[in-house]
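**Q** Sharing input.pdb here; it has PDB, C-alpha atoms and all ligand atoms.
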ATOM      1  CA  MET A   1     119.706  83.908 108.142  1.00  0.00           C
ATOM      2  CA  PRO A   2     117.198  85.238 105.601  1.00  0.00           C
ATOM      3  CA  ALA A   3     116.639  88.929 106.310  1.00  0.00           C
ATOM      4  CA  THR A   4     112.887  88.378 106.334  1.00  0.00           C
ATOM      5  CA  LEU A   5     113.184  86.022 109.309  1.00  0.00           C
ATOM      6  CA  ARG A   6     115.534  88.036 111.513  1.00  0.00           C
ATOM      7  CA  PRO A   7     113.698  88.682 114.790  1.00  0.00           C
ATOM      8  CA  ASP A   8     113.270  92.390 115.408  1.00  0.00           C
ATOM      9  CA  ALA A   9     111.125  94.527 117.694  1.00  0.00           C
ATOM     10  CA  ASN A  10     108.034  93.378 115.795  1.00  0.00           C
ATOM     11  CA  ALA A  11     108.673  89.669 116.420  1.00  0.00           C
ATOM     12  CA  ALA A  12     107.856  87.483 119.409  1.00  0.00           C
ATOM     13  CA  LEU A  13     108.822  83.946 120.366  1.00  0.00           C
ATOM     14  CA  ILE A  14     105.876  82.018 121.803  1.00  0.00           C
ATOM     15  CA  VAL A  15     107.055  79.106 123.949  1.00  0.00           C
ATOM     16  CA  VAL A  16     104.122  76.735 124.297  1.00  0.00           C
ATOM     17  CA  ASP A  17     103.591  74.486 127.331  1.00  0.00           C
ATOM     18  CA  VAL A  18     107.169  73.497 128.194  1.00  0.00           C
ATOM     19  CA  GLN A  19     105.845  71.999 131.407  1.00  0.00           C
ATOM     20  CA  ASN A  20     106.747  68.939 133.455  1.00  0.00           C
ATOM     21  CA  GLY A  21     103.489  67.306 132.433  1.00  0.00           C
ATOM     22  CA  PHE A  22     104.567  67.090 128.807  1.00  0.00           C
ATOM     23  CA  CYS A  23     108.125  65.894 129.533  1.00  0.00           C
ATOM     24  CA  THR A  24     109.438  62.480 130.562  1.00  0.00           C
ATOM     25  CA  GLY A  25     107.822  61.509 133.849  1.00  0.00           C
ATOM     26  CA  GLY A  26     104.879  63.854 133.296  1.00  0.00           C
ATOM     27  CA  ASN A  27     101.223  62.897 133.232  1.00  0.00           C
ATOM     28  CA  LEU A  28     100.901  63.520 129.470  1.00  0.00           C
ATOM     29  CA  ALA A  29     104.509  62.909 128.482  1.00  0.00           C
ATOM     30  CA  VAL A  30     105.353  63.770 124.882  1.00  0.00           C
ATOM     31  CA  PRO A  31     108.091  61.468 123.517  1.00  0.00           C
ATOM     32  CA  ASP A  32     111.421  63.271 123.944  1.00  0.00           C
ATOM     33  CA  GLY A  33     109.560  66.393 125.060  1.00  0.00           C
ATOM     34  CA  GLU A  34     112.382  67.764 127.194  1.00  0.00           C
ATOM     35  CA  ALA A  35     114.662  67.793 124.122  1.00  0.00           C
ATOM     36  CA  VAL A  36     113.130  71.147 123.174  1.00  0.00           C
ATOM     37  CA  VAL A  37     114.505  72.861 126.273  1.00  0.00           C
ATOM     38  CA  PRO A  38     118.127  73.545 125.187  1.00  0.00           C
ATOM     39  CA  VAL A  39     116.985  74.512 121.689  1.00  0.00           C
ATOM     40  CA  ILE A  40     114.456  76.981 123.075  1.00  0.00           C
ATOM     41  CA  ASN A  41     117.002  78.422 125.504  1.00  0.00           C
ATOM     42  CA  ARG A  42     119.283  79.206 122.551  1.00  0.00           C
ATOM     43  CA  LEU A  43     116.459  80.553 120.413  1.00  0.00           C
ATOM     44  CA  ALA A  44     115.173  82.844 123.133  1.00  0.00           C
ATOM     45  CA  GLY A  45     118.490  84.665 123.063  1.00  0.00           C
ATOM     46  CA  VAL A  46     117.741  86.146 119.648  1.00  0.00           C
ATOM     47  CA  PHE A  47     114.304  87.488 120.649  1.00  0.00           C
ATOM     48  CA  ASP A  48     113.588  90.683 122.554  1.00  0.00           C
ATOM     49  CA  ASN A  49     110.006  89.564 123.022  1.00  0.00           C
ATOM     50  CA  VAL A  50     109.172  86.188 124.544  1.00  0.00           C
ATOM     51  CA  VAL A  51     105.805  84.878 125.716  1.00  0.00           C
ATOM     52  CA  LEU A  52     105.436  81.599 127.615  1.00  0.00           C
ATOM     53  CA  THR A  53     102.254  79.588 127.860  1.00  0.00           C
ATOM     54  CA  GLN A  54     101.114  77.158 130.531  1.00  0.00           C
ATOM     55  CA  ASP A  55      98.368  74.564 130.246  1.00  0.00           C
ATOM     56  CA  TRP A  56      96.534  75.257 133.495  1.00  0.00           C
ATOM     57  CA  HIS A  57      93.553  73.042 134.217  1.00  0.00           C
ATOM     58  CA  PRO A  58      91.370  72.874 137.309  1.00  0.00           C
ATOM     59  CA  ALA A  59      90.983  69.387 138.820  1.00  0.00           C
ATOM     60  CA  GLY A  60      88.073  67.608 137.147  1.00  0.00           C
ATOM     61  CA  HIS A  61      88.562  69.431 133.839  1.00  0.00           C
ATOM     62  CA  ALA A  62      86.255  68.397 130.982  1.00  0.00           C
ATOM     63  CA  SER A  63      89.261  67.339 128.858  1.00  0.00           C
ATOM     64  CA  PHE A  64      90.228  64.681 131.403  1.00  0.00           C
ATOM     65  CA  ALA A  65      89.037  61.132 130.670  1.00  0.00           C
ATOM     66  CA  SER A  66      88.603  60.717 134.431  1.00  0.00           C
ATOM     67  CA  SER A  67      85.783  63.278 134.286  1.00  0.00           C
ATOM     68  CA  HIS A  68      83.785  60.999 131.942  1.00  0.00           C
ATOM     69  CA  PRO A  69      82.828  57.706 133.617  1.00  0.00           C
ATOM     70  CA  GLY A  70      83.708  54.707 131.481  1.00  0.00           C
ATOM     71  CA  ARG A  71      85.932  56.668 129.087  1.00  0.00           C
ATOM     72  CA  GLN A  72      89.651  56.142 128.622  1.00  0.00           C
ATOM     73  CA  PRO A  73      92.467  58.554 127.799  1.00  0.00           C
ATOM     74  CA  PHE A  74      92.976  59.166 124.063  1.00  0.00           C
ATOM     75  CA  GLN A  75      89.356  58.351 123.218  1.00  0.00           C
ATOM     76  CA  THR A  76      87.149  61.217 122.072  1.00  0.00           C
ATOM     77  CA  THR A  77      83.833  62.529 123.319  1.00  0.00           C
ATOM     78  CA  GLU A  78      81.335  65.148 122.205  1.00  0.00           C
ATOM     79  CA  LEU A  79      81.215  68.306 124.286  1.00  0.00           C
ATOM     80  CA  ALA A  80      78.983  71.341 123.721  1.00  0.00           C
ATOM     81  CA  TYR A  81      81.560  72.872 121.349  1.00  0.00           C
ATOM     82  CA  GLY A  82      82.409  69.707 119.402  1.00  0.00           C
ATOM     83  CA  THR A  83      84.681  66.681 119.513  1.00  0.00           C
ATOM     84  CA  GLN A  84      87.141  66.615 122.376  1.00  0.00           C
ATOM     85  CA  VAL A  85      90.088  64.254 122.801  1.00  0.00           C
ATOM     86  CA  LEU A  86      90.107  62.880 126.344  1.00  0.00           C
ATOM     87  CA  TRP A  87      93.476  63.128 128.068  1.00  0.00           C
ATOM     88  CA  PRO A  88      94.988  61.723 131.214  1.00  0.00           C
ATOM     89  CA  ASP A  89      94.676  64.185 134.095  1.00  0.00           C
ATOM     90  CA  HIS A  90      97.510  66.649 133.408  1.00  0.00           C
ATOM     91  CA  CYS A  91      98.781  70.114 134.245  1.00  0.00           C
ATOM     92  CA  VAL A  92      96.409  70.641 137.140  1.00  0.00           C
ATOM     93  CA  ARG A  93      96.965  74.242 138.183  1.00  0.00           C
ATOM     94  CA  GLY A  94      99.478  74.717 140.958  1.00  0.00           C
ATOM     95  CA  THR A  95     100.923  71.193 140.775  1.00  0.00           C
ATOM     96  CA  HIS A  96     104.448  70.085 139.820  1.00  0.00           C
ATOM     97  CA  ASP A  97     102.985  68.653 136.598  1.00  0.00           C
ATOM     98  CA  ALA A  98     101.852  72.148 135.603  1.00  0.00           C
ATOM     99  CA  ALA A  99     105.123  73.887 136.483  1.00  0.00           C
ATOM    100  CA  LEU A 100     107.446  75.029 133.719  1.00  0.00           C
ATOM    101  CA  HIS A 101     110.377  72.654 133.089  1.00  0.00           C
ATOM    102  CA  ALA A 102     113.183  73.611 135.475  1.00  0.00           C
ATOM    103  CA  GLY A 103     115.723  73.699 132.647  1.00  0.00           C
ATOM    104  CA  LEU A 104     113.894  76.411 130.769  1.00  0.00           C
ATOM    105  CA  ALA A 105     116.140  79.463 131.058  1.00  0.00           C
ATOM    106  CA  VAL A 106     114.213  82.389 129.631  1.00  0.00           C
ATOM    107  CA  PRO A 107     114.345  85.065 132.330  1.00  0.00           C
ATOM    108  CA  HIS A 108     113.535  87.837 129.849  1.00  0.00           C
ATOM    109  CA  ALA A 109     110.123  86.343 128.993  1.00  0.00           C
ATOM    110  CA  GLN A 110     107.601  89.101 129.543  1.00  0.00           C
ATOM    111  CA  LEU A 111     104.263  87.312 129.751  1.00  0.00           C
ATOM    112  CA  ILE A 112     103.061  83.914 130.882  1.00  0.00           C
ATOM    113  CA  ILE A 113      99.657  83.170 129.455  1.00  0.00           C
ATOM    114  CA  ARG A 114      97.679  80.413 131.149  1.00  0.00           C
ATOM    115  CA  LYS A 115      94.997  78.552 129.270  1.00  0.00           C
ATOM    116  CA  GLY A 116      92.503  75.757 129.755  1.00  0.00           C
ATOM    117  CA  TYR A 117      91.385  77.133 133.101  1.00  0.00           C
ATOM    118  CA  HIS A 118      87.639  77.124 132.366  1.00  0.00           C
ATOM    119  CA  PRO A 119      86.343  73.812 133.784  1.00  0.00           C
ATOM    120  CA  GLY A 120      84.213  72.917 130.757  1.00  0.00           C
ATOM    121  CA  VAL A 121      86.345  74.192 127.861  1.00  0.00           C
ATOM    122  CA  ASP A 122      89.756  73.055 126.645  1.00  0.00           C
ATOM    123  CA  SER A 123      92.248  75.425 125.056  1.00  0.00           C
ATOM    124  CA  TYR A 124      95.039  74.052 122.911  1.00  0.00           C
ATOM    125  CA  SER A 125      95.513  77.486 121.392  1.00  0.00           C
ATOM    126  CA  ALA A 126      97.092  80.334 123.311  1.00  0.00           C
ATOM    127  CA  PHE A 127      94.762  82.732 121.469  1.00  0.00           C
ATOM    128  CA  GLN A 128      91.300  81.182 121.621  1.00  0.00           C
ATOM    129  CA  GLU A 129      89.621  78.410 123.585  1.00  0.00           C
ATOM    130  CA  ALA A 130      88.184  75.257 122.045  1.00  0.00           C
ATOM    131  CA  ASP A 131      84.680  76.754 121.935  1.00  0.00           C
ATOM    132  CA  ARG A 132      86.224  78.973 119.201  1.00  0.00           C
ATOM    133  CA  GLN A 133      84.636  82.024 120.864  1.00  0.00           C
ATOM    134  CA  THR A 134      86.424  82.781 124.117  1.00  0.00           C
ATOM    135  CA  ARG A 135      89.600  84.780 123.571  1.00  0.00           C
ATOM    136  CA  THR A 136      92.580  84.555 125.916  1.00  0.00           C
ATOM    137  CA  GLY A 137      93.667  88.168 125.394  1.00  0.00           C
ATOM    138  CA  LEU A 138      96.980  87.233 123.734  1.00  0.00           C
ATOM    139  CA  ALA A 139      96.177  88.827 120.369  1.00  0.00           C
ATOM    140  CA  GLY A 140      95.333  92.115 122.053  1.00  0.00           C
ATOM    141  CA  TYR A 141      98.501  92.006 124.133  1.00  0.00           C
ATOM    142  CA  LEU A 142     100.710  91.336 121.123  1.00  0.00           C
ATOM    143  CA  ARG A 143      98.985  94.004 119.038  1.00  0.00           C
ATOM    144  CA  GLU A 144      99.319  96.631 121.773  1.00  0.00           C
ATOM    145  CA  ARG A 145     103.016  95.835 121.906  1.00  0.00           C
ATOM    146  CA  GLY A 146     103.420  96.267 118.154  1.00  0.00           C
ATOM    147  CA  ILE A 147     104.118  92.592 117.472  1.00  0.00           C
ATOM    148  CA  ARG A 148     103.299  91.505 113.935  1.00  0.00           C
ATOM    149  CA  ARG A 149     105.265  88.264 113.594  1.00  0.00           C
ATOM    150  CA  VAL A 150     105.245  85.256 115.917  1.00  0.00           C
ATOM    151  CA  PHE A 151     107.565  82.257 116.036  1.00  0.00           C
ATOM    152  CA  VAL A 152     106.006  79.287 117.835  1.00  0.00           C
ATOM    153  CA  CYS A 153     107.837  76.432 119.557  1.00  0.00           C
ATOM    154  CA  GLY A 154     107.284  74.022 122.461  1.00  0.00           C
ATOM    155  CA  LEU A 155     104.847  71.166 123.126  1.00  0.00           C
ATOM    156  CA  ALA A 156     103.080  69.536 121.518  1.00  0.00           C
ATOM    157  CA  THR A 157     103.597  70.188 117.793  1.00  0.00           C
ATOM    158  CA  ASP A 158     100.279  68.675 116.735  1.00  0.00           C
ATOM    159  CA  PHE A 159      98.102  70.156 119.463  1.00  0.00           C
ATOM    160  CA  CYS A 160      98.957  73.320 121.347  1.00  0.00           C
ATOM    161  CA  VAL A 161     101.741  74.469 119.006  1.00  0.00           C
ATOM    162  CA  ALA A 162      99.695  73.933 115.838  1.00  0.00           C
ATOM    163  CA  TRP A 163      96.501  75.464 117.213  1.00  0.00           C
ATOM    164  CA  THR A 164      98.446  78.460 118.478  1.00  0.00           C
ATOM    165  CA  ALA A 165     100.142  78.982 115.106  1.00  0.00           C
ATOM    166  CA  LEU A 166      96.848  78.606 113.225  1.00  0.00           C
ATOM    167  CA  ASP A 167      95.101  81.080 115.500  1.00  0.00           C
ATOM    168  CA  ALA A 168      98.013  83.479 115.177  1.00  0.00           C
ATOM    169  CA  ARG A 169      97.311  83.494 111.432  1.00  0.00           C
ATOM    170  CA  SER A 170      93.559  83.956 111.855  1.00  0.00           C
ATOM    171  CA  SER A 171      94.281  86.754 114.334  1.00  0.00           C
ATOM    172  CA  GLY A 172      96.285  88.630 111.717  1.00  0.00           C
ATOM    173  CA  PHE A 173      99.885  87.737 112.606  1.00  0.00           C
ATOM    174  CA  ASP A 174     102.557  86.228 110.407  1.00  0.00           C
ATOM    175  CA  ALA A 175     103.527  82.894 111.951  1.00  0.00           C
ATOM    176  CA  TRP A 176     106.298  80.321 111.773  1.00  0.00           C
ATOM    177  CA  VAL A 177     106.767  77.043 113.654  1.00  0.00           C
ATOM    178  CA  ILE A 178     110.346  76.128 114.583  1.00  0.00           C
ATOM    179  CA  GLU A 179     110.156  72.396 113.985  1.00  0.00           C
ATOM    180  CA  ASP A 180     113.198  71.157 115.918  1.00  0.00           C
ATOM    181  CA  ALA A 181     112.052  73.205 118.929  1.00  0.00           C
ATOM    182  CA  THR A 182     108.845  71.132 119.083  1.00  0.00           C
ATOM    183  CA  ARG A 183     107.929  67.502 119.783  1.00  0.00           C
ATOM    184  CA  ALA A 184     104.649  65.774 118.907  1.00  0.00           C
ATOM    185  CA  ILE A 185     102.096  63.478 120.493  1.00  0.00           C
ATOM    186  CA  ASP A 186     101.061  62.090 117.049  1.00  0.00           C
ATOM    187  CA  LEU A 187      97.696  60.528 117.795  1.00  0.00           C
ATOM    188  CA  ASN A 188      96.002  58.852 114.785  1.00  0.00           C
ATOM    189  CA  GLY A 189      97.886  60.901 112.210  1.00  0.00           C
ATOM    190  CA  SER A 190      97.507  64.180 114.070  1.00  0.00           C
ATOM    191  CA  LEU A 191     101.035  65.338 113.289  1.00  0.00           C
ATOM    192  CA  ALA A 192     100.711  65.080 109.503  1.00  0.00           C
ATOM    193  CA  ALA A 193      97.245  66.649 109.675  1.00  0.00           C
ATOM    194  CA  ALA A 194      98.585  69.534 111.737  1.00  0.00           C
ATOM    195  CA  TRP A 195     101.389  70.316 109.286  1.00  0.00           C
ATOM    196  CA  GLN A 196      98.922  70.133 106.413  1.00  0.00           C
ATOM    197  CA  ALA A 197      96.529  72.551 108.125  1.00  0.00           C
ATOM    198  CA  MET A 198      99.362  74.916 109.007  1.00  0.00           C
ATOM    199  CA  GLN A 199     100.735  74.888 105.471  1.00  0.00           C
ATOM    200  CA  ALA A 200      97.251  75.651 104.118  1.00  0.00           C
ATOM    201  CA  GLN A 201      97.016  78.697 106.385  1.00  0.00           C
ATOM    202  CA  GLY A 202     100.437  80.069 105.546  1.00  0.00           C
ATOM    203  CA  VAL A 203     102.295  79.063 108.690  1.00  0.00           C
ATOM    204  CA  GLY A 204     105.993  78.851 107.864  1.00  0.00           C
ATOM    205  CA  ARG A 205     107.947  75.718 108.771  1.00  0.00           C
ATOM    206  CA  ILE A 206     111.518  76.491 109.761  1.00  0.00           C
ATOM    207  CA  SER A 207     114.325  75.090 111.890  1.00  0.00           C
ATOM    208  CA  SER A 208     116.221  76.750 114.715  1.00  0.00           C
ATOM    209  CA  GLN A 209     119.246  77.017 112.412  1.00  0.00           C
ATOM    210  CA  ASP A 210     117.249  79.412 110.244  1.00  0.00           C
ATOM    211  CA  LEU A 211     117.218  81.826 113.200  1.00  0.00           C
ATOM    212  CA  LEU A 212     120.546  81.035 114.832  1.00  0.00           C
ATOM    213  CA  ALA A 213     122.926  80.607 111.917  1.00  0.00           C
TER     214      ALA A 213
HETATM  215  C1  LIG A 301      98.271  69.789 125.077  1.00  0.00           C
HETATM  216  C2  LIG A 301      96.830  68.024 125.000  1.00  0.00           C
HETATM  217  C3  LIG A 301      96.161  68.503 126.106  1.00  0.00           C
HETATM  218  C4  LIG A 301      99.467  70.472 124.471  1.00  0.00           C
HETATM  219  C5  LIG A 301      97.623  70.296 126.168  1.00  0.00           C
HETATM  220  O1  LIG A 301     100.135  71.264 125.176  1.00  0.00           O
HETATM  221  O2  LIG A 301      99.750  70.212 123.283  1.00  0.00           O
HETATM  222  N1  LIG A 301      97.868  68.660 124.491  1.00  0.00           N
HETATM  223  N2  LIG A 301      96.562  69.640 126.678  1.00  0.00           N
HETATM  224 ZN    ZN A 302      95.655  70.250 128.495  1.00  0.00          ZN
END
Could you quickly redo this structure as structure tokens?
**A**
Amino acid sequence: MPATLRPDANAALIVVDVQNGFCTGGNLAVPDGEAVVPVINRLAGVFDNVVLTQDWHPAGHASFASSHPGRQPFQTTELAYGTQVLWPDHCVRGTHDAALHAGLAVPHAQLIIRKGYHPGVDSYSAFQEADRQTRTGLAGYLRERGIRRVFVCGLATDFCVAWTALDARSSGFDAWVIEDATRAIDLNGSLAAAWQAMQAQGVGRISSQDLLA
């Protein structure tokens, strides 16, 4: 692997939202979502530092279409902080849908960061909520631990993975997305737009082979 990529003490793997809700049978199933699990299990083995994230919504969350009478999932609405995609009810805290996928085998993960728990604010990003003001604390945690480089994988490429990678950059970290360790929702061109935005902000696009070979 290129020496510049080799995970060292200053690198962390961020495993985004590998939860039942985003896998087959889940409330917001991402096509082939569970396919990331074996790839991530292998990848995690080359990282000393691993952070997991969990989408963790209260019932009645503002991102749920069911909270907006007359609106349907995958439509958008305007909330105080801007345009919000409306989703099926998903990853309600404490439910099976919100639990991590049972096949995820990353016992050395050190932190699980939950996000999207404020009733009126979504949070695709593990760093900053959708109001673009409220911080989750992840940047401070990583910085205190001496992490300078993050490698992002998980679900979904075009939402929580992309927003996390973009916010990693704006928070001062070097960032890469491991493409074959992600799967996308791809809503109205969102996947292409996400890669374009990430490229513009200097997020690297790599494959698991770049880290495992
Ligand atoms: C996600 C939509 C809504 C994700 C979470 O994990 O990408 N997408 N909540
Ligand atoms: Zn969500």
**Q** With ligand ZN 302 (chain A) as the partner and 9 Å as the cut-off, tabulate the residues of chain A that qualify, each row holding the nearest pair of atoms and their distance in Å to one decimal, using only C-alpha atoms and all ligand atoms, sorted by chain and rising number, as JSON lines.
**A**
{"residue": "A:Leu28", "atom": "CA", "partner": "A:ZN302", "partner_atom": "ZN", "distance": 8.6}
{"residue": "A:Asp55", "atom": "CA", "partner": "A:ZN302", "partner_atom": "ZN", "distance": 5.4}
{"residue": "A:Trp56", "atom": "CA", "partner": "A:ZN302", "partner_atom": "ZN", "distance": 7.1}
{"residue": "A:His57", "atom": "CA", "partner": "A:ZN302", "partner_atom": "ZN", "distance": 6.7}
{"residue": "A:His61", "atom": "CA", "partner": "A:ZN302", "partner_atom": "ZN", "distance": 8.9}
{"residue": "A:Ser63", "atom": "CA", "partner": "A:ZN302", "partner_atom": "ZN", "distance": 7.0}
{"residue": "A:Phe64", "atom": "CA", "partner": "A:ZN302", "partner_atom": "ZN", "distance": 8.3}
{"residue": "A:Trp87", "atom": "CA", "partner": "A:ZN302", "partner_atom": "ZN", "distance": 7.5}
{"residue": "A:Pro88", "atom": "CA", "partner": "A:ZN302", "partner_atom": "ZN", "distance": 9.0}
{"residue": "A:Asp89", "atom": "CA", "partner": "A:ZN302", "partner_atom": "ZN", "distance": 8.3}
{"residue": "A:His90", "atom": "CA", "partner": "A:ZN302", "partner_atom": "ZN", "distance": 6.4}
{"residue": "A:Cys91", "atom": "CA", "partner": "A:ZN302", "partner_atom": "ZN", "distance": 6.5}
{"residue": "A:Val92", "atom": "CA", "partner": "A:ZN302", "partner_atom": "ZN", "distance": 8.7}
{"residue": "A:Lys115", "atom": "CA", "partner": "A:ZN302", "partner_atom": "ZN", "distance": 8.4}
{"residue": "A:Gly116", "atom": "CA", "partner": "A:ZN302", "partner_atom": "ZN", "distance": 6.5}
{"residue": "A:Asp122", "atom": "CA", "partner": "A:ZN302", "partner_atom": "ZN", "distance": 6.8}
{"residue": "A:Ser123", "atom": "CA", "partner": "A:ZN302", "partner_atom": "ZN", "distance": 7.1}
{"residue": "A:Tyr124", "atom": "CA", "partner": "A:ZN302", "partner_atom": "ZN", "distance": 6.8}
{"residue": "A:Cys160", "atom": "CA", "partner": "A:ZN302", "partner_atom": "ZN", "distance": 8.5}
**Q** Please report, as lines of an AutoDock Vina configuration file, the centre and edge lengths in Å to one decimal of an axis-aligned box covering all listed atoms of ligand LIG 301 (chain A) with 6 Å per side.
**A**
center_x = 98.1
center_y = 69.6
center_z = 125.0
size_x = 16.0
size_y = 15.2
size_z = 15.4
**Q** Apply the PyMOL selection byres (((chain A and resi 112) around 8) and not hetatm) to the file shown and report the selected residues as a ChimeraX atom specification.
**A** /A:51-54,109-111,113-114
**Q** Would you kindly translate the PyMOL selection byres (((chain A and resi 14) around 10) and not hetatm) into the concrete residues it picks from this file, as a list in words?
**A**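 Going through the file, the PyMOL selection byres (((chain A and resi 14) around 10) and not hetatm) ends up selecting Ala11, Ala12, Leu13, Val15, Val16, Asp17, Ala44, Asn49, Val50, Val51, Leu52, Thr53, Ala109, Leu111, Ile112, Ile113, Ala126, Val150, Phe151, Val152, Cys153, Gly154, Val161, Thr164, Ala165 and Val177 of chain A.
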**Q** From the set A:Ser66, A:Ala98, A:Leu191, A:Arg169, which residue has the shortest atom-to-atom contact distance to Ala29 in chain A, counting all atoms listed in the file?
**A** A:Ala98
**Q** Given only C-alpha atoms as the basis, pick out the residue of A:Cys23, A:Val46, A:Val36, A:Leu138 nearest to Ala213 in chain A.
**A** A:Val46
**Q** Calculate how many Å separate CA of Glu144 in chain A from CA of Ala9 in chain A, rounding to one decimal.
**A** 12.7 Å
**Q** I need the output of the PyMOL selection byres (((chain A and resi 181) around 7) and not hetatm) for this file as a list in words; which residues are they?
**A**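 Selection result, ordered by chain and number: Val36, Val39, Ile40, Cys153, Gly154, Ile178, Glu179, Asp180, Thr182 and Ser208 of chain A.
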**Q** Restricting the calculation to only C-alpha atoms: of A:Val106, A:Gln196, A:Asp167, A:Pro31, which residue gets closest to Gln133 in chain A?
**A**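 Closest to Gln133 in chain A of all the choices is A:Asp167.
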**Q** Considering only C-alpha atoms and all ligand atoms, can you say which of A:Gln209, A:Ala162, A:Gly189, A:Gly70 comes closest to ligand LIG 301 (chain A)?
**A** A:Ala162
**Q** What is the CA of Met198 in chain A-CA of Leu166 in chain A distance in Å, reported with one decimal?
**A**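 A separation of 6.1 Å between them.
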**Q** Which one of A:Asp158, A:Asp48, A:Glu34, A:Asp131 sits closest to ligand LIG 301 (chain A) if you count only C-alpha atoms and all ligand atoms?
**A**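 Closest to ligand LIG 301 (chain A) of all the choices is A:Asp158.
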